[in-house]
file data28.tsv (TSV, C-alpha atoms)
chain	number	residue	atom	x	y	z
Z	11	MET	CA	-13.71	50.53	-8.66
Z	12	GLU	CA	-17.15	49.07	-9.22
Z	13	MET	CA	-19.39	49.43	-6.16
Z	14	GLU	CA	-22.81	48.29	-5.11
Z	15	GLY	CA	-25.35	51.16	-5.12
Z	16	GLN	CA	-23.72	53.03	-8.01
Z	17	ASP	CA	-27.04	53.06	-9.86
Z	18	ASP	CA	-28.58	55.14	-7.01
Z	19	ILE	CA	-26.41	58.17	-7.86
Z	20	SER	CA	-28.56	60.91	-9.37
Z	21	MET	CA	-27.28	63.26	-12.05
Z	22	GLY	CA	-26.55	66.73	-10.79
Z	23	GLN	CA	-25.65	65.76	-7.21
Z	24	SER	CA	-22.72	67.66	-5.81
Z	25	GLU	CA	-19.54	65.88	-4.79
Z	26	SER	CA	-20.22	66.74	-1.14
Z	27	GLU	CA	-23.70	65.26	-1.31
Z	28	ILE	CA	-22.32	62.11	-2.83
Z	29	ASP	CA	-19.63	61.94	-0.17
Z	30	ASP	CA	-22.26	62.34	2.53
Z	31	LYS	CA	-24.24	59.50	1.03
Z	32	TYR	CA	-21.38	57.02	0.66
Z	33	ARG	CA	-18.89	57.99	3.36
Z	34	LEU	CA	-19.35	56.64	6.86
Z	35	LEU	CA	-19.77	59.17	9.64
Z	36	PRO	CA	-16.96	59.28	12.17
Z	37	SER	CA	-19.21	57.91	14.87
Z	38	GLU	CA	-20.09	54.92	12.68
Z	39	SER	CA	-16.47	53.99	12.18
Z	40	GLY	CA	-15.41	54.16	15.78
Z	41	PRO	CA	-13.52	51.45	17.59
Z	42	ASN	CA	-16.66	50.06	19.23
Z	43	ASN	CA	-18.27	49.11	15.96
Z	44	CYS	CA	-15.49	47.76	13.73
Z	45	THR	CA	-11.83	46.97	13.78
Z	46	SER	CA	-10.84	47.39	10.16
Z	47	THR	CA	-11.90	49.45	7.17
Z	48	GLY	CA	-11.36	49.34	3.45
Z	49	THR	CA	-11.42	52.45	1.24
Z	50	GLY	CA	-12.07	52.69	-2.52
Z	51	THR	CA	-12.64	55.40	-5.12
Z	52	GLY	CA	-14.79	55.57	-8.22
Z	53	THR	CA	-16.12	57.98	-10.84
Z	54	THR	CA	-19.72	58.66	-11.80
Z	55	PRO	CA	-20.81	58.95	-15.44
Z	56	ASP	CA	-20.66	62.80	-15.16
Z	57	GLY	CA	-17.05	62.70	-13.98
Z	58	ILE	CA	-17.57	63.23	-10.25
Z	59	ARG	CA	-15.03	61.32	-8.14
Z	60	ILE	CA	-16.45	59.53	-5.13
Z	61	GLN	CA	-14.95	57.62	-2.16
Z	62	ALA	CA	-16.52	54.74	-0.25
Z	63	THR	CA	-15.38	53.13	2.96
Z	64	GLU	CA	-16.18	49.50	3.82
Z	65	THR	CA	-16.23	48.17	7.35
Z	66	LYS	CA	-15.67	44.59	8.49
Z	67	ASP	CA	-17.30	42.96	11.46
Z	68	PRO	CA	-14.65	40.85	13.25
Z	69	SER	CA	-17.23	38.34	14.45
Z	70	VAL	CA	-18.09	37.49	10.85
Z	71	THR	CA	-15.16	38.18	8.55
Z	72	VAL	CA	-11.99	38.35	10.59
Z	73	MET	CA	-10.12	35.03	10.56
Z	74	SER	CA	-7.09	34.30	12.66
Z	75	ASN	CA	-3.81	33.28	11.09
Z	76	HIS	CA	-4.10	29.91	12.81
Z	77	SER	CA	-7.46	29.20	11.18
Z	78	ARG	CA	-6.19	30.24	7.77
Z	79	LYS	CA	-3.15	28.00	8.15
Z	80	LEU	CA	-5.32	25.06	9.24
Z	81	ILE	CA	-7.64	25.45	6.26
Z	82	LYS	CA	-4.62	25.67	3.95
Z	83	GLN	CA	-3.23	22.44	5.38
Z	84	VAL	CA	-6.57	20.70	4.98
Z	85	LYS	CA	-6.79	21.99	1.42
Z	86	ASN	CA	-3.29	20.76	0.54
Z	87	SER	CA	-3.87	17.37	2.15
Z	88	THR	CA	-7.16	16.97	0.31
Z	89	ILE	CA	-5.57	17.80	-3.03
Z	90	ASN	CA	-2.69	15.38	-2.35
Z	91	LEU	CA	-5.08	12.60	-1.39
Z	92	ALA	CA	-7.27	13.26	-4.41
Z	93	GLY	CA	-4.20	13.24	-6.61
Z	94	PHE	CA	-3.16	9.89	-5.15
Z	95	ILE	CA	-6.60	8.47	-5.91
Z	96	ILE	CA	-6.62	9.98	-9.40
Z	97	ALA	CA	-3.23	8.48	-10.21
Z	98	LYS	CA	-3.95	5.04	-8.84
Z	99	SER	CA	-7.67	4.34	-9.25
Z	100	PRO	CA	-10.43	4.48	-11.87
Z	101	TYR	CA	-12.40	7.18	-10.07
Z	102	ILE	CA	-10.69	10.00	-11.96
Z	103	PHE	CA	-13.62	12.12	-13.10
Z	104	PRO	CA	-15.48	12.36	-9.76
Z	105	ALA	CA	-12.29	13.31	-7.91
Z	106	ILE	CA	-11.39	16.01	-10.43
Z	107	VAL	CA	-14.89	17.49	-10.35
Z	108	LEU	CA	-15.07	17.52	-6.57
Z	109	VAL	CA	-11.63	18.98	-5.95
Z	110	PHE	CA	-11.68	21.71	-8.56
Z	111	GLN	CA	-15.32	22.69	-8.16
Z	112	TRP	CA	-15.00	23.22	-4.41
Z	113	SER	CA	-11.39	24.41	-4.24
Z	114	GLY	CA	-12.29	27.94	-3.18
Z	115	ASP	CA	-14.66	27.26	-0.30
Z	116	PRO	CA	-13.23	26.08	3.07
Z	117	LEU	CA	-16.54	24.53	4.06
Z	118	SER	CA	-16.53	22.51	0.88
Z	119	PHE	CA	-13.20	20.97	1.83
Z	120	ILE	CA	-14.79	19.72	5.02
Z	121	LEU	CA	-17.68	18.27	3.05
Z	122	ILE	CA	-15.41	16.67	0.46
Z	123	TRP	CA	-13.64	14.41	2.98
Z	124	PRO	CA	-16.46	11.83	3.27
Z	125	VAL	CA	-16.62	11.60	-0.51
Z	126	LEU	CA	-12.88	11.18	-0.88
Z	127	PHE	CA	-12.89	8.64	1.93
Z	128	CYS	CA	-15.45	6.55	0.05
Z	129	LEU	CA	-13.34	6.76	-3.10
Z	130	PHE	CA	-10.23	5.83	-1.14
Z	131	LEU	CA	-12.02	2.88	0.49
Z	132	LEU	CA	-13.59	1.56	-2.69
Z	133	GLY	CA	-10.41	1.95	-4.71
Z	134	GLN	CA	-8.12	0.05	-2.34
Z	135	ASP	CA	-8.59	-3.39	-3.87
Z	136	ARG	CA	-7.77	-2.00	-7.30
Z	137	LEU	CA	-4.70	-0.29	-5.85
Z	138	LEU	CA	-3.44	-3.44	-4.16
Z	139	TYR	CA	-4.30	-6.40	-6.39
Z	140	HIS	CA	-3.13	-6.61	-10.01
Z	141	PRO	CA	-4.00	-10.10	-11.26
Z	142	ASP	CA	-3.83	-9.05	-14.93
Z	143	SER	CA	-0.30	-7.65	-14.73
Z	144	PRO	CA	1.72	-7.12	-16.87
Z	145	SER	CA	-1.36	-6.62	-19.09
Z	146	PRO	CA	-4.87	-8.11	-19.48
Z	147	THR	CA	-3.91	-9.42	-22.93
Z	148	LEU	CA	-0.74	-11.19	-21.79
Z	149	SER	CA	-2.56	-12.69	-18.80
Z	150	LEU	CA	-4.63	-14.74	-21.26
Z	151	TYR	CA	-1.42	-16.48	-22.31
Z	152	ASP	CA	-0.08	-17.53	-18.93
Z	153	PRO	CA	3.40	-19.05	-19.13
Z	154	SER	CA	3.49	-22.80	-18.52
Z	155	PRO	CA	6.21	-24.92	-16.89
Z	156	LEU	CA	6.73	-26.37	-20.35
Z	157	CYS	CA	8.25	-23.03	-21.31
Z	158	VAL	CA	11.10	-23.59	-18.84
Z	159	GLY	CA	11.38	-27.35	-19.36
Z	160	ALA	CA	10.33	-28.22	-15.80
Z	161	ALA	CA	8.93	-31.57	-14.70
Z	162	HIS	CA	5.54	-30.64	-13.29
Z	163	ASP	CA	1.88	-31.36	-12.85
Z	164	SER	CA	-1.05	-28.97	-12.79
Z	165	PHE	CA	-3.85	-29.41	-10.27
Z	166	THR	CA	-6.54	-27.57	-8.32
Z	167	ILE	CA	-7.25	-27.32	-4.62
Z	168	THR	CA	-10.40	-26.11	-2.89
Z	169	THR	CA	-10.30	-23.62	-0.03
Z	170	SER	CA	-12.43	-23.76	3.10
Z	171	ASP	CA	-14.85	-21.27	1.52
Z	172	ARG	CA	-15.15	-23.45	-1.62
Z	173	VAL	CA	-12.99	-21.46	-4.03
Z	174	LYS	CA	-11.01	-23.52	-6.54
Z	175	LEU	CA	-7.37	-22.51	-6.97
Z	176	HIS	CA	-4.98	-23.41	-9.76
Z	177	CYS	CA	-1.56	-24.77	-8.76
Z	178	TYR	CA	1.66	-26.06	-10.29
Z	179	ARG	CA	3.91	-28.63	-8.65
Z	180	LEU	CA	7.50	-28.56	-9.90
Z	181	SER	CA	9.30	-31.77	-8.98
Z	182	TYR	CA	12.93	-32.39	-8.11
Z	183	THR	CA	13.93	-35.40	-10.20
Z	184	GLN	CA	17.66	-35.73	-9.48
Z	185	GLY	CA	17.19	-37.70	-6.27
Z	186	GLN	CA	15.14	-37.61	-3.10
Z	187	PRO	CA	13.81	-34.07	-2.49
Z	188	LEU	CA	14.59	-32.52	0.87
Z	189	CYS	CA	11.29	-30.69	1.30
Z	190	THR	CA	8.34	-29.03	-0.39
Z	191	ILE	CA	8.41	-25.24	-0.79
Z	192	VAL	CA	5.01	-23.53	-0.97
Z	193	PHE	CA	5.56	-20.41	-3.06
Z	194	LEU	CA	3.29	-17.44	-2.26
Z	195	HIS	CA	3.82	-14.75	-4.89
Z	196	GLY	CA	3.42	-10.96	-4.94
Z	197	ASN	CA	0.40	-8.85	-5.82
Z	198	ALA	CA	0.99	-8.52	-9.57
Z	199	GLY	CA	0.62	-11.30	-12.11
Z	200	SER	CA	0.07	-15.03	-11.91
Z	201	ILE	CA	2.32	-17.95	-10.99
Z	202	GLY	CA	3.37	-18.38	-14.62
Z	203	TYR	CA	5.64	-15.36	-14.31
Z	204	ARG	CA	7.39	-16.90	-11.26
Z	205	LEU	CA	8.43	-20.09	-13.04
Z	206	PRO	CA	12.07	-19.12	-13.79
Z	207	ASN	CA	12.54	-18.31	-10.08
Z	208	ALA	CA	10.78	-21.52	-9.00
Z	209	VAL	CA	12.84	-23.72	-11.32
Z	210	GLU	CA	16.03	-22.38	-9.74
Z	211	LEU	CA	14.64	-23.09	-6.27
Z	212	VAL	CA	13.95	-26.69	-7.29
Z	213	ALA	CA	17.54	-27.22	-8.41
Z	214	SER	CA	19.41	-25.24	-5.75
Z	215	CYS	CA	17.35	-26.39	-2.75
Z	216	ARG	CA	16.76	-29.95	-4.05
Z	217	SER	CA	13.10	-29.46	-3.30
Z	218	ASN	CA	9.68	-29.72	-4.85
Z	219	VAL	CA	7.96	-26.36	-5.31
Z	220	ILE	CA	4.22	-25.75	-5.26
Z	221	LEU	CA	3.02	-22.46	-6.74
Z	222	VAL	CA	-0.55	-21.38	-6.05
Z	223	ASP	CA	-2.52	-18.71	-7.89
Z	224	TYR	CA	-4.45	-16.59	-5.41
Z	225	ARG	CA	-8.18	-16.30	-6.00
Z	226	GLY	CA	-8.81	-14.02	-8.94
Z	227	TYR	CA	-5.32	-14.65	-10.34
Z	228	GLY	CA	-4.42	-16.84	-13.31
Z	229	LEU	CA	-6.81	-19.76	-13.65
Z	230	SER	CA	-8.17	-19.56	-10.10
Z	231	GLU	CA	-11.75	-18.65	-9.25
Z	232	GLY	CA	-13.00	-15.75	-7.15
Z	233	SER	CA	-11.75	-12.25	-6.42
Z	234	PRO	CA	-8.79	-11.30	-4.19
Z	235	THR	CA	-9.34	-10.06	-0.64
Z	236	GLU	CA	-7.15	-10.12	2.45
Z	237	ARG	CA	-9.16	-12.87	4.12
Z	238	GLY	CA	-9.34	-14.75	0.83
Z	239	LEU	CA	-5.57	-14.77	0.40
Z	240	TYR	CA	-5.16	-16.10	3.93
Z	241	LEU	CA	-7.53	-18.97	3.12
Z	242	ASP	CA	-5.71	-19.64	-0.17
Z	243	ALA	CA	-2.35	-19.96	1.58
Z	244	ALA	CA	-3.82	-22.16	4.31
Z	245	ALA	CA	-5.30	-24.48	1.69
Z	246	ALA	CA	-1.99	-24.76	-0.18
Z	247	VAL	CA	0.04	-25.38	2.98
Z	248	ASN	CA	-2.43	-27.95	4.33
Z	249	HIS	CA	-2.40	-29.70	0.95
Z	250	SER	CA	1.39	-29.99	1.17
Z	251	LEU	CA	1.40	-31.03	4.83
Z	252	ASP	CA	-1.13	-33.78	4.12
Z	253	SER	CA	0.70	-35.05	1.05
Z	254	ARG	CA	1.61	-38.72	0.92
Z	255	ASP	CA	5.29	-37.97	0.34
Z	256	GLY	CA	5.59	-36.80	3.96
Z	257	LEU	CA	8.17	-34.13	3.10
Z	258	PRO	CA	8.82	-31.19	5.43
Z	259	VAL	CA	7.09	-28.00	4.29
Z	260	VAL	CA	8.81	-24.63	3.88
Z	261	VAL	CA	6.60	-21.60	3.24
Z	262	PHE	CA	8.06	-18.92	0.99
Z	263	GLY	CA	6.45	-15.48	0.60
Z	264	ARG	CA	7.49	-12.49	-1.48
Z	265	SER	CA	6.12	-8.95	-0.98
Z	266	ILE	CA	2.42	-9.33	-0.17
Z	267	GLY	CA	3.05	-13.07	-0.23
Z	268	GLY	CA	5.27	-12.52	2.80
Z	269	ALA	CA	2.34	-11.07	4.73
Z	270	VAL	CA	0.21	-14.05	3.67
Z	271	ALA	CA	3.01	-16.44	4.69
Z	272	ILE	CA	3.30	-14.84	8.13
Z	273	ASN	CA	-0.40	-15.36	8.65
Z	274	ALA	CA	-0.11	-19.00	7.59
Z	275	ALA	CA	2.83	-19.54	9.95
Z	276	THR	CA	0.76	-18.31	12.90
Z	277	ARG	CA	-2.49	-20.18	12.14
Z	278	HIS	CA	-3.71	-22.85	14.52
Z	279	GLY	CA	-2.99	-26.31	13.14
Z	280	ILE	CA	-0.29	-25.07	10.77
Z	281	SER	CA	2.27	-23.12	12.79
Z	282	SER	CA	3.71	-26.13	14.61
Z	283	ARG	CA	3.99	-28.19	11.42
Z	284	ILE	CA	6.00	-25.79	9.23
Z	285	ALA	CA	9.72	-26.54	8.97
Z	286	ALA	CA	10.77	-23.01	8.02
Z	287	LEU	CA	9.55	-19.66	6.77
Z	288	VAL	CA	11.27	-17.58	4.06
Z	289	LEU	CA	10.21	-13.94	3.61
Z	290	GLU	CA	11.46	-11.73	0.80
Z	291	ASN	CA	11.02	-7.92	0.54
Z	292	THR	CA	7.82	-7.92	2.54
Z	293	PHE	CA	6.22	-5.06	4.46
Z	294	THR	CA	5.05	-4.32	8.00
Z	295	GLY	CA	1.46	-3.49	7.05
Z	296	ILE	CA	-0.75	-1.85	4.43
Z	297	PRO	CA	-1.27	1.42	6.37
Z	298	GLN	CA	2.49	1.90	6.58
Z	299	MET	CA	2.84	1.15	2.86
Z	300	ALA	CA	0.04	3.60	2.03
Z	301	GLY	CA	1.94	6.34	3.84
Z	302	VAL	CA	5.17	5.52	1.99
Z	303	ILE	CA	3.76	5.14	-1.52
Z	304	SER	CA	1.47	8.18	-1.38
Z	305	ASN	CA	3.98	10.37	0.48
Z	306	LEU	CA	1.15	11.12	2.92
Z	307	PRO	CA	2.47	9.91	6.31
Z	308	PHE	CA	-0.85	10.53	8.06
Z	309	LEU	CA	-2.37	7.60	6.14
Z	310	SER	CA	-0.39	5.19	8.33
Z	311	LYS	CA	-2.13	6.68	11.40
Z	312	LEU	CA	-5.69	6.20	10.17
Z	313	PRO	CA	-7.86	3.84	12.24
Z	314	ARG	CA	-8.45	0.24	11.20
Z	315	PHE	CA	-11.87	0.86	9.63
Z	316	CYS	CA	-10.26	3.08	6.99
Z	317	TYR	CA	-8.68	0.06	5.29
Z	318	ARG	CA	-10.30	-2.81	3.46
Z	319	ASN	CA	-6.94	-4.61	3.56
Z	320	TYR	CA	-4.62	-4.42	6.55
Z	321	PHE	CA	-2.08	-7.30	6.55
Z	322	PRO	CA	-0.72	-6.47	10.04
Z	323	SER	CA	2.56	-8.38	9.71
Z	324	LEU	CA	4.45	-6.32	12.30
Z	325	SER	CA	2.01	-7.16	15.08
Z	326	ARG	CA	1.76	-10.78	13.93
Z	327	VAL	CA	5.39	-11.75	13.31
Z	328	GLY	CA	6.09	-11.92	17.05
Z	329	SER	CA	3.95	-15.07	17.14
Z	330	VAL	CA	6.06	-16.86	14.53
Z	331	SER	CA	7.84	-19.80	16.14
Z	332	CYS	CA	9.38	-21.67	13.19
Z	333	PRO	CA	12.86	-20.83	11.86
Z	334	THR	CA	12.60	-17.73	9.67
Z	335	LEU	CA	14.82	-16.34	6.93
Z	336	PHE	CA	14.42	-12.70	5.84
Z	337	LEU	CA	15.71	-11.66	2.41
Z	338	SER	CA	16.05	-7.94	1.74
Z	339	GLY	CA	17.11	-6.02	-1.38
Z	340	GLU	CA	18.85	-2.87	-0.20
Z	341	LEU	CA	17.90	-1.04	-3.43
Z	342	ASP	CA	14.20	-1.78	-3.00
Z	343	THR	CA	12.35	1.48	-3.75
Z	344	LEU	CA	8.86	0.06	-3.22
Z	345	VAL	CA	9.06	-1.64	0.17
Z	346	PRO	CA	11.62	0.18	2.36
Z	347	PRO	CA	14.30	-2.24	3.59
Z	348	SER	CA	13.74	-0.76	7.04
Z	349	MET	CA	10.42	-2.61	7.14
Z	350	VAL	CA	12.19	-5.95	6.68
Z	351	ASN	CA	14.56	-4.93	9.47
Z	352	GLN	CA	11.60	-4.22	11.76
Z	353	LEU	CA	10.04	-7.59	11.03
Z	354	PHE	CA	13.34	-9.33	11.72
Z	355	ASP	CA	13.71	-7.54	15.04
Z	356	GLU	CA	10.15	-8.41	16.12
Z	357	CYS	CA	10.15	-12.02	14.88
Z	358	GLY	CA	9.52	-14.45	17.72
Z	359	SER	CA	11.49	-17.36	16.25
Z	360	GLU	CA	14.48	-18.76	18.12
Z	361	ILE	CA	16.24	-19.28	14.78
Z	362	LYS	CA	16.13	-16.28	12.46
Z	363	ARG	CA	18.45	-14.79	9.89
Z	364	LEU	CA	18.44	-11.60	7.83
Z	365	VAL	CA	20.33	-11.59	4.54
Z	366	ARG	CA	20.75	-8.25	2.77
Z	367	PHE	CA	21.61	-8.04	-0.92
Z	368	THR	CA	23.39	-4.82	-1.82
Z	369	THR	CA	22.21	-4.91	-5.45
Z	370	GLY	CA	18.71	-6.25	-4.84
Z	371	CYS	CA	15.59	-4.37	-5.97
Z	372	HIS	CA	12.02	-5.20	-5.08
Z	373	GLY	CA	11.29	-7.57	-7.94
Z	374	SER	CA	14.80	-8.65	-8.87
Z	375	THR	CA	16.46	-9.73	-5.63
Z	376	TRP	CA	16.05	-13.34	-6.73
Z	377	GLY	CA	18.57	-12.65	-9.50
Z	378	CYS	CA	21.32	-11.45	-7.15
Z	379	PRO	CA	24.51	-13.49	-6.67
Z	380	GLY	CA	24.31	-15.57	-3.50
Z	381	TYR	CA	20.50	-15.57	-3.41
Z	382	TYR	CA	19.88	-19.29	-3.90
Z	383	PRO	CA	22.79	-20.43	-1.71
Z	384	ALA	CA	21.40	-18.29	1.13
Z	385	ILE	CA	18.03	-20.05	0.94
Z	386	SER	CA	19.49	-23.52	0.44
Z	387	GLU	CA	21.89	-23.17	3.37
Z	388	PHE	CA	19.13	-21.98	5.70
Z	389	ILE	CA	16.76	-24.78	4.72
Z	390	ARG	CA	19.47	-27.39	5.29
Z	391	LEU	CA	20.17	-25.87	8.71
Z	392	CYS	CA	16.50	-26.03	9.65
Z	393	LEU	CA	16.13	-29.63	8.50
Z	394	SER	CA	19.28	-30.86	10.24
Z	395	PRO	CA	19.10	-32.56	13.65
Z	396	GLU	CA	21.46	-29.90	15.00
Z	397	SER	CA	18.71	-27.29	14.69
Z	398	VAL	CA	16.73	-28.84	17.52
Z	399	GLY	CA	17.05	-26.57	20.55
Z	400	LEU	CA	19.28	-24.17	18.61
Z	401	SER	CA	18.91	-20.45	19.26
Z	402	GLN	CA	20.45	-18.29	16.58
Z	403	SER	CA	19.93	-14.77	15.27
Z	404	ASP	CA	22.32	-13.31	12.73
Z	405	ILE	CA	22.54	-10.77	9.92
Z	406	ARG	CA	24.50	-11.25	6.72
Z	407	VAL	CA	25.26	-8.97	3.79
Z	408	VAL	CA	25.81	-10.29	0.26
Z	409	SER	CA	27.70	-7.97	-2.08
Z	410	ALA	CA	27.44	-7.70	-5.87
Z	411	ASP	CA	30.17	-10.33	-6.34
Z	412	GLY	CA	28.29	-12.85	-4.18
Z	413	LEU	CA	30.64	-12.58	-1.21
Z	414	THR	CA	28.95	-12.84	2.18
Z	415	ARG	CA	30.00	-11.05	5.34
Z	416	ALA	CA	28.50	-10.58	8.75
Z	417	GLY	CA	26.07	-7.67	9.01
call {"tool": "encode", "arguments": {"input": "data28.tsv", "output": "structure tokens"}}
result
Amino acid sequence: MEMEGQDDISMGQSESEIDDKYRLLPSESGPNNCTSTGTGTGTTPDGIRIQATETKDPSVTVMSNHSRKLIKQVKNSTINLAGFIIAKSPYIFPAIVLVFQWSGDPLSFILIWPVLFCLFLLGQDRLLYHPDSPSPTLSLYDPSPLCVGAAHDSFTITTSDRVKLHCYRLSYTQGQPLCTIVFLHGNAGSIGYRLPNAVELVASCRSNVILVDYRGYGLSEGSPTERGLYLDAAAAVNHSLDSRDGLPVVVFGRSIGGAVAINAATRHGISSRIAALVLENTFTGIPQMAGVISNLPFLSKLPRFCYRNYFPSLSRVGSVSCPTLFLSGELDTLVPPSMVNQLFDECGSEIKRLVRFTTGCHGSTWGCPGYYPAISEFIRLCLSPESVGLSQSDIRVVSADGLTRAG
């Protein structure tokens, strides 16, 4: 064993002299001075075997099992969080350097938290908003309603903070439309990729459909933020409410669009004018989603200032007063169906319905049998005179063959 002070050994010293020099005296190793010792042996260049005893001061080096376990938990949590950031954000190199350079020092793990927090905070928008999906190249060639043979017009609206948004209006041409559906899409890709879904809504619900690109998406100006998306939805809904055709307005929101739709349905000046609200595979809030996606449950418990985007739908849906339809794909692996159940339970509307699709996934529920009839039936109920004063809350389950039963 290599020891400090080995160079001080002089040639020709006896083994006993060496022992006297390196071995602690009994009085020095008593219980009043130390609580643990470590013993090692070594050999000098002339072949003399020596023994050294090391003492440890409990006030400096002894660490309780509880402290060691706590530091291990902090270390594991830090590595998991860093891995989440590395996998989902562009800040790969700094996270790798920080984690692996400081991985052996407990104090460093305490110091690394502020740095990781900054990375986590700055990377949230990139984690949440994907306007160029499915790829930056394909986003340059946004699908047009002409691709699906839909009667349409393209126009722009201006939000209250002066951002211009691109919109499509798909028109029902087989008779008098029943209403206008404002379509608020998910977080990935532009409205062009929702056209096949929107065309089916036009036909099945006998309605006009307005699709709006959020700021930063498609041909719209600006960059996406939580507040910005709220203003975008408000502008689109107000545009429809103020239209000359005087049609009732139904707000439809999918995924993050559901959170935006809930906000629109509770805004002053809009809430009382919406005929119905349709929410598909939407979540209770961003903190809860962060905990689910990252497999780090503590993220859902972080205080409000830890998130640039919050979308607190669970606390807001209780203020919804218009008839509300919840659509949930039971095979959704992104947004847990339990979140849709929570929103349904907390919804403040007198008329609300939850329809579960046994074969529905997060982005494909709209292709399930019985999907369009469920929306069309609910809209007709909400627009009928019989809905006035009606109080109804029910759950339905639609199987793979399109058959509907009570939930």
call {"tool": "closest_residue", "arguments": {"input": "data28.tsv", "among": "Z:Leu413, Z:Leu211, Z:Ala198, Z:Cys177", "to": "Pro141 of chain Z", "atoms": "all atoms listed in the file"}}
result
Z:Ala198
call {"tool": "closest_residue", "arguments": {"input": "data28.tsv", "among": "Z:Asn207, Z:Ser265, Z:Thr168, Z:Thr276", "to": "Leu180 of chain Z", "atoms": "only C-alpha atoms"}}
result
Z:Asn207
call {"tool": "atom_distance", "arguments": {"input": "data28.tsv", "atom1": "atom CA of Ala286 of chain Z", "atom2": "atom CA of Leu251 of chain Z"}}
result
12.7 Å
call {"tool": "closest_residue", "arguments": {"input": "data28.tsv", "among": "Z:Ile167, Z:Leu132, Z:Val327, Z:Leu137", "to": "Asn197 of chain Z", "atoms": "all atoms listed in the file"}}
result
Z:Leu137
call {"tool": "closest_residue", "arguments": {"input": "data28.tsv", "among": "Z:Arg172, Z:Arg254, Z:Arg415, Z:Arg318", "to": "Leu131 of chain Z", "atoms": "only C-alpha atoms"}}
result
Z:Arg318
call {"tool": "atom_distance", "arguments": {"input": "data28.tsv", "atom1": "atom CA of Ser230 of chain Z", "atom2": "atom CA of Pro155 of chain Z"}}
result
16.8 Å
call {"tool": "residues_around", "arguments": {"input": "data28.tsv", "residues": "Ser170 of chain Z", "least_positions_apart": "6", "cutoff": "10 Å", "atoms": "all atoms listed in the file", "output": "short mmCIF file (atom, residue, chain, number, x, y, z; two decimals) with C-alpha atoms, in the frame of the given file"}}
result
data_model
loop_
_atom_site.label_atom_id
_atom_site.label_comp_id
_atom_site.auth_asym_id
_atom_site.auth_seq_id
_atom_site.Cartn_x
_atom_site.Cartn_y
_atom_site.Cartn_z
CA GLY Z 238 -9.34 -14.75 0.83
CA LEU Z 241 -7.53 -18.97 3.12
CA ASP Z 242 -5.71 -19.64 -0.17
CA ALA Z 244 -3.82 -22.16 4.31
CA ALA Z 245 -5.30 -24.48 1.69
#
call {"tool": "closest_residue", "arguments": {"input": "data28.tsv", "among": "Z:Cys371, Z:Ile389, Z:Ala208, Z:Val365", "to": "Ala416 of chain Z", "atoms": "only C-alpha atoms"}}
result
Z:Val365
call {"tool": "atom_distance", "arguments": {"input": "data28.tsv", "atom1": "atom CA of Phe336 of chain Z", "atom2": "atom CA of Arg264 of chain Z"}}
result
10.1 Å
